[in-house]
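Colleague: This is run-v7.pdb, which holds PDB, C-alpha atoms:
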```pdb
ATOM      1  CA  MET L 193      23.383 159.029 -29.993
ATOM      2  CA  ILE L 194      24.064 158.543 -33.713
ATOM      3  CA  LYS L 195      21.524 161.271 -34.553
ATOM      4  CA  ARG L 196      23.376 163.712 -32.285
ATOM      5  CA  ILE L 197      26.757 162.891 -33.837
ATOM      6  CA  PHE L 198      25.322 163.197 -37.344
ATOM      7  CA  SER L 199      23.629 166.488 -36.432
ATOM      8  CA  PHE L 200      26.873 167.812 -34.957
ATOM      9  CA  LEU L 201      28.847 166.851 -38.094
ATOM     10  CA  LEU L 202      26.224 168.412 -40.336
ATOM     11  CA  PHE L 203      26.244 171.620 -38.277
ATOM     12  CA  THR L 204      30.077 171.734 -38.343
ATOM     13  CA  ALA L 205      30.144 171.258 -42.111
ATOM     14  CA  LEU L 206      27.569 174.020 -42.557
ATOM     15  CA  ILE L 207      29.518 176.472 -40.392
ATOM     16  CA  SER L 208      32.856 175.724 -42.095
ATOM     17  CA  SER L 209      31.347 176.254 -45.563
ATOM     18  CA  CYS L 210      30.107 179.750 -44.680
ATOM     19  CA  GLY L 211      33.613 181.200 -45.074
ATOM     20  CA  ASN L 212      33.921 180.039 -48.692
ATOM     21  CA  THR L 213      34.441 183.093 -50.962
ATOM     22  CA  GLY L 214      33.772 181.235 -54.195
ATOM     23  CA  LYS L 215      37.183 182.036 -55.679
ATOM     24  CA  LYS L 216      38.951 179.106 -57.212
ATOM     25  CA  ASP L 217      42.688 178.589 -57.179
ATOM     26  CA  VAL L 218      43.563 176.142 -59.899
ATOM     27  CA  SER L 219      46.673 174.285 -61.044
ATOM     28  CA  SER L 220      49.930 173.674 -59.284
ATOM     29  CA  LYS L 221      51.132 176.292 -56.859
ATOM     30  CA  SER L 222      54.881 176.173 -56.947
ATOM     31  CA  GLU L 223      57.333 177.496 -54.422
ATOM     32  CA  ASN L 224      58.079 180.305 -56.902
ATOM     33  CA  SER L 225      54.624 181.813 -56.269
ATOM     34  CA  ASP L 226      56.080 183.850 -53.423
ATOM     35  CA  ASN L 227      58.645 185.344 -55.830
ATOM     36  CA  ALA L 228      56.086 186.387 -58.439
ATOM     37  CA  THR L 229      55.797 190.112 -59.134
ATOM     38  CA  ARG L 230      52.327 191.569 -59.565
ATOM     39  CA  VAL L 231      52.260 193.525 -62.847
ATOM     40  CA  ASP L 232      49.559 195.758 -64.295
ATOM     41  CA  PHE L 233      48.483 194.630 -67.782
ATOM     42  CA  ALA L 234      49.140 198.122 -69.188
ATOM     43  CA  SER L 235      52.717 198.054 -67.811
ATOM     44  CA  LEU L 236      53.308 194.702 -69.482
ATOM     45  CA  VAL L 237      52.079 196.087 -72.807
ATOM     46  CA  GLU L 238      54.202 199.255 -72.537
ATOM     47  CA  ASN L 239      57.469 197.501 -71.614
ATOM     48  CA  PRO L 240      57.244 193.743 -72.243
ATOM     49  CA  GLY L 241      61.038 193.450 -72.415
ATOM     50  CA  ASN L 242      61.288 194.397 -68.726
ATOM     51  CA  PHE L 243      59.518 191.186 -67.761
ATOM     52  CA  ILE L 244      61.286 188.619 -69.969
ATOM     53  CA  ASN L 245      62.323 185.529 -67.948
ATOM     54  CA  LYS L 246      60.510 186.850 -64.877
ATOM     55  CA  ASN L 247      57.748 185.201 -62.896
ATOM     56  CA  ILE L 248      54.787 187.607 -62.822
ATOM     57  CA  ILE L 249      51.121 187.747 -61.890
ATOM     58  CA  VAL L 250      48.858 189.677 -64.256
ATOM     59  CA  GLU L 251      45.095 190.207 -64.234
ATOM     60  CA  GLY L 252      42.921 190.105 -67.327
ATOM     61  CA  LYS L 253      39.743 188.863 -68.950
ATOM     62  CA  VAL L 254      39.842 185.526 -70.768
ATOM     63  CA  VAL L 255      38.785 186.125 -74.370
ATOM     64  CA  HIS L 256      39.868 182.805 -75.860
ATOM     65  CA  VAL L 257      40.429 179.236 -74.680
ATOM     66  CA  CYS L 258      41.692 176.795 -77.296
ATOM     67  CA  THR L 259      39.064 174.173 -78.012
ATOM     68  CA  HIS L 260      41.582 172.068 -79.932
ATOM     69  CA  SER L 261      44.189 171.379 -77.228
ATOM     70  CA  GLY L 262      42.779 173.223 -74.209
ATOM     71  CA  LYS L 263      46.298 174.352 -73.302
ATOM     72  CA  LYS L 264      46.276 177.824 -74.843
ATOM     73  CA  MET L 265      44.350 180.961 -73.964
ATOM     74  CA  PHE L 266      44.380 184.741 -74.389
ATOM     75  CA  ILE L 267      43.665 187.386 -71.783
ATOM     76  CA  VAL L 268      43.134 191.115 -72.358
ATOM     77  CA  GLY L 269      43.368 194.233 -70.243
ATOM     78  CA  ASP L 270      41.441 197.446 -70.905
ATOM     79  CA  ASN L 271      42.141 197.324 -74.651
ATOM     80  CA  PRO L 272      40.522 194.198 -76.163
ATOM     81  CA  ASP L 273      42.863 194.374 -79.186
ATOM     82  CA  VAL L 274      45.966 193.767 -77.046
ATOM     83  CA  ARG L 275      46.077 190.123 -76.002
ATOM     84  CA  LEU L 276      48.532 188.144 -73.901
ATOM     85  CA  PHE L 277      49.075 184.582 -75.110
ATOM     86  CA  ILE L 278      49.230 182.043 -72.271
ATOM     87  CA  ALA L 279      50.409 178.494 -72.893
ATOM     88  CA  ALA L 280      50.240 175.574 -70.476
ATOM     89  CA  GLY L 281      53.057 173.054 -70.555
ATOM     90  CA  GLU L 282      52.694 169.341 -71.100
ATOM     91  CA  ASN L 283      52.500 168.603 -67.381
ATOM     92  CA  MET L 284      49.735 171.150 -66.759
ATOM     93  CA  PRO L 285      46.010 170.411 -66.970
ATOM     94  CA  LYS L 286      43.848 171.815 -69.763
ATOM     95  CA  PHE L 287      42.215 175.192 -69.222
ATOM     96  CA  PRO L 288      38.523 174.769 -68.402
ATOM     97  CA  MET L 289      36.232 176.225 -71.070
ATOM     98  CA  GLU L 290      34.280 177.899 -68.244
ATOM     99  CA  LEU L 291      37.126 180.436 -67.978
ATOM    100  CA  LEU L 292      35.960 182.120 -71.189
ATOM    101  CA  GLY L 293      34.675 185.579 -70.241
ATOM    102  CA  SER L 294      36.027 185.357 -66.675
ATOM    103  CA  LYS L 295      38.358 187.833 -65.025
ATOM    104  CA  ILE L 296      41.412 185.965 -63.720
ATOM    105  CA  GLU L 297      44.862 186.471 -62.248
ATOM    106  CA  VAL L 298      47.459 184.373 -64.026
ATOM    107  CA  GLU L 299      50.914 183.531 -62.751
ATOM    108  CA  GLY L 300      53.647 182.518 -65.125
ATOM    109  CA  MET L 301      57.031 183.139 -66.678
ATOM    110  CA  ILE L 302      57.179 185.664 -69.524
ATOM    111  CA  THR L 303      59.345 184.475 -72.408
ATOM    112  CA  ARG L 304      60.091 185.631 -75.917
ATOM    113  CA  VAL L 305      58.747 183.389 -78.685
ATOM    114  CA  ALA L 306      61.374 181.605 -80.765
ATOM    115  CA  GLY L 307      61.622 183.139 -84.211
ATOM    116  CA  ALA L 308      60.406 186.524 -82.951
ATOM    117  CA  GLU L 309      62.864 188.261 -85.263
ATOM    118  CA  VAL L 310      60.262 187.951 -88.047
ATOM    119  CA  ALA L 311      58.458 191.274 -88.368
ATOM    120  CA  VAL L 312      54.907 191.373 -87.042
ATOM    121  CA  ASN L 313      53.369 192.518 -90.344
ATOM    122  CA  GLU L 314      55.544 190.262 -92.479
ATOM    123  CA  PRO L 315      53.776 187.100 -93.685
ATOM    124  CA  LYS L 316      55.143 183.939 -92.156
ATOM    125  CA  PRO L 317      56.211 181.148 -94.505
ATOM    126  CA  GLU L 318      53.709 178.322 -94.692
ATOM    127  CA  ALA L 319      54.993 174.964 -93.481
ATOM    128  CA  ALA L 320      54.680 171.923 -95.729
ATOM    129  CA  GLY L 321      51.588 170.458 -94.018
ATOM    130  CA  ASP L 322      49.762 173.738 -93.301
ATOM    131  CA  ALA L 323      47.851 173.910 -96.580
ATOM    132  CA  GLU L 324      46.683 170.325 -96.097
ATOM    133  CA  LYS L 325      45.622 171.081 -92.493
ATOM    134  CA  LYS L 326      43.591 174.076 -93.651
ATOM    135  CA  ALA L 327      41.943 172.040 -96.424
ATOM    136  CA  ASN L 328      40.946 169.330 -93.930
ATOM    137  CA  GLY L 329      39.737 171.857 -91.362
ATOM    138  CA  ASP L 330      42.386 170.668 -88.897
ATOM    139  CA  ASN L 331      43.678 174.134 -87.996
ATOM    140  CA  CYS L 332      43.563 175.413 -84.418
ATOM    141  CA  GLU L 333      41.908 178.821 -84.109
ATOM    142  CA  THR L 334      44.478 179.795 -81.450
ATOM    143  CA  GLU L 335      47.279 179.505 -84.004
ATOM    144  CA  ALA L 336      45.366 181.882 -86.280
ATOM    145  CA  ALA L 337      44.886 184.289 -83.370
ATOM    146  CA  VAL L 338      48.619 184.184 -82.570
ATOM    147  CA  ALA L 339      49.438 184.913 -86.198
ATOM    148  CA  ALA L 340      47.085 187.922 -86.178
ATOM    149  CA  GLN L 341      48.397 189.268 -82.870
ATOM    150  CA  SER L 342      49.825 192.762 -83.337
ATOM    151  CA  SER L 343      50.865 193.735 -79.805
ATOM    152  CA  LEU L 344      52.830 191.403 -77.544
ATOM    153  CA  ALA L 345      53.265 189.234 -80.654
ATOM    154  CA  ASP L 346      56.657 187.920 -79.566
ATOM    155  CA  ILE L 347      55.677 187.360 -75.916
ATOM    156  CA  VAL L 348      54.169 184.264 -74.324
ATOM    157  CA  MET L 349      53.404 183.529 -70.692
ATOM    158  CA  GLU L 350      54.343 180.025 -69.602
ATOM    159  CA  TYR L 351      51.424 179.205 -67.324
ATOM    160  CA  LYS L 352      51.899 178.178 -63.686
ATOM    161  CA  SER L 353      48.538 178.900 -62.036
ATOM    162  CA  HIS L 354      45.457 181.085 -62.078
ATOM    163  CA  THR L 355      42.804 182.420 -59.733
ATOM    164  CA  VAL L 356      39.311 183.340 -60.849
ATOM    165  CA  LYS L 357      38.354 186.810 -59.585
TER     166      LYS L 357
END
```
Represent the structure from my file as structure tokens, please.
Modeller:
Amino acid sequence: MIKRIFSFLLFTALISSCGNTGKKDVSSKSENSDNATRVDFASLVENPGNFINKNIIVEGKVVHVCTHSGKKMFIVGDNPDVRLFIAAGENMPKFPMELLGSKIEVEGMITRVAGAEVAVNEPKPEAAGDAEKKANGDNCETEAAVAAQSSLADIVMEYKSHTVK
């Protein structure tokens, strides 16, 4: 009797796992997910101002995940030189390092970075502790990548969720 029940449960588990597509949906799905607008990466690059303070979903390839905090990453579209900076808030989990090189869909709110009035090619003033951080090797490579960003330099996506494609 127990063998039959165990066999039935094993068979049921096997059948139910056959429909698994292998796609992962990570993070917190909020009720705003239904209101998110799907945006092509090229459209975001061409007119980033059209999407400020809007919840969007954009697809791209992960080219950087911050090893320092794990809460920052970059995705790219067709042009690898144009990167979208994605930042996870304090209440969000760290991005898994396995995302590096993956194609994902990311949902989040597009916002303008504070202090964006500084020109992109203009050097930013160094803060008091920055030189000491650099000397001690305590500088996050994501911060350097943000500083070198030429396109979408004043745009950040506040992360809500992602799906691996």
Colleague: Can you tell me how far CA of Tyr351 (chain L) sits from CA of Ala279 (chain L), in Å to one decimal?
Modeller: 5.7 Å
Colleague: Between L:Val254, L:Ile248, L:Val298, L:Val348, which has the minimum distance to Phe266 (chain L) (counting all atoms listed in the file)?
Modeller: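 Closest residue, counting all atoms listed in the file: L:Val254.
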Colleague: Separation of CA of Ser353 (chain L) and CA of Lys253 (chain L), in Å?
Modeller: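 That distance, rounded to one decimal, is 15.0 Å.
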Colleague: Just so the selection is clear, what residues does the PyMOL selection byres ((chain L and resi 255) around 8) cover here, as a PyMOL selection string?
Modeller: chain L and resi 253-254+256-257+265-268+292-293
Colleague: Quick one: pull the distance between CA of Leu344 (chain L) and CA of Arg304 (chain L), Å, one decimal.
Modeller: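 Going from CA of Leu344 (chain L) over to CA of Arg304 (chain L), I get 9.4 Å.
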Colleague: Expand the PyMOL selection byres ((chain L and resi 347) around 8) into the individual residues it matches in the shown file, reporting them as a PyMOL selection string.
Modeller: chain L and resi 240+276-277+302-305+344-346+348-349
Colleague: With distances taken over all atoms listed in the file, which of L:Asn247, L:Asn271, L:Thr355, L:Ser261 is nearest to Ile296 (chain L)?
Modeller: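 Closest residue, counting all atoms listed in the file: L:Thr355.
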Colleague: Around the point (45.0, 173.9, -75.8) in the file's coordinates, collect all residues with an atom within 12 Å, using all atoms listed in the file, and return them as an MDAnalysis selection string.
Modeller: chainID L and resid 256:266 277:282 284:289 332:335 351
Colleague: Closest to Asp270 (chain L) among L:Ile249, L:Ile194, L:Ala234, L:Ala228, using only C-alpha atoms?
Modeller: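 Closest residue, counting only C-alpha atoms: L:Ala234.
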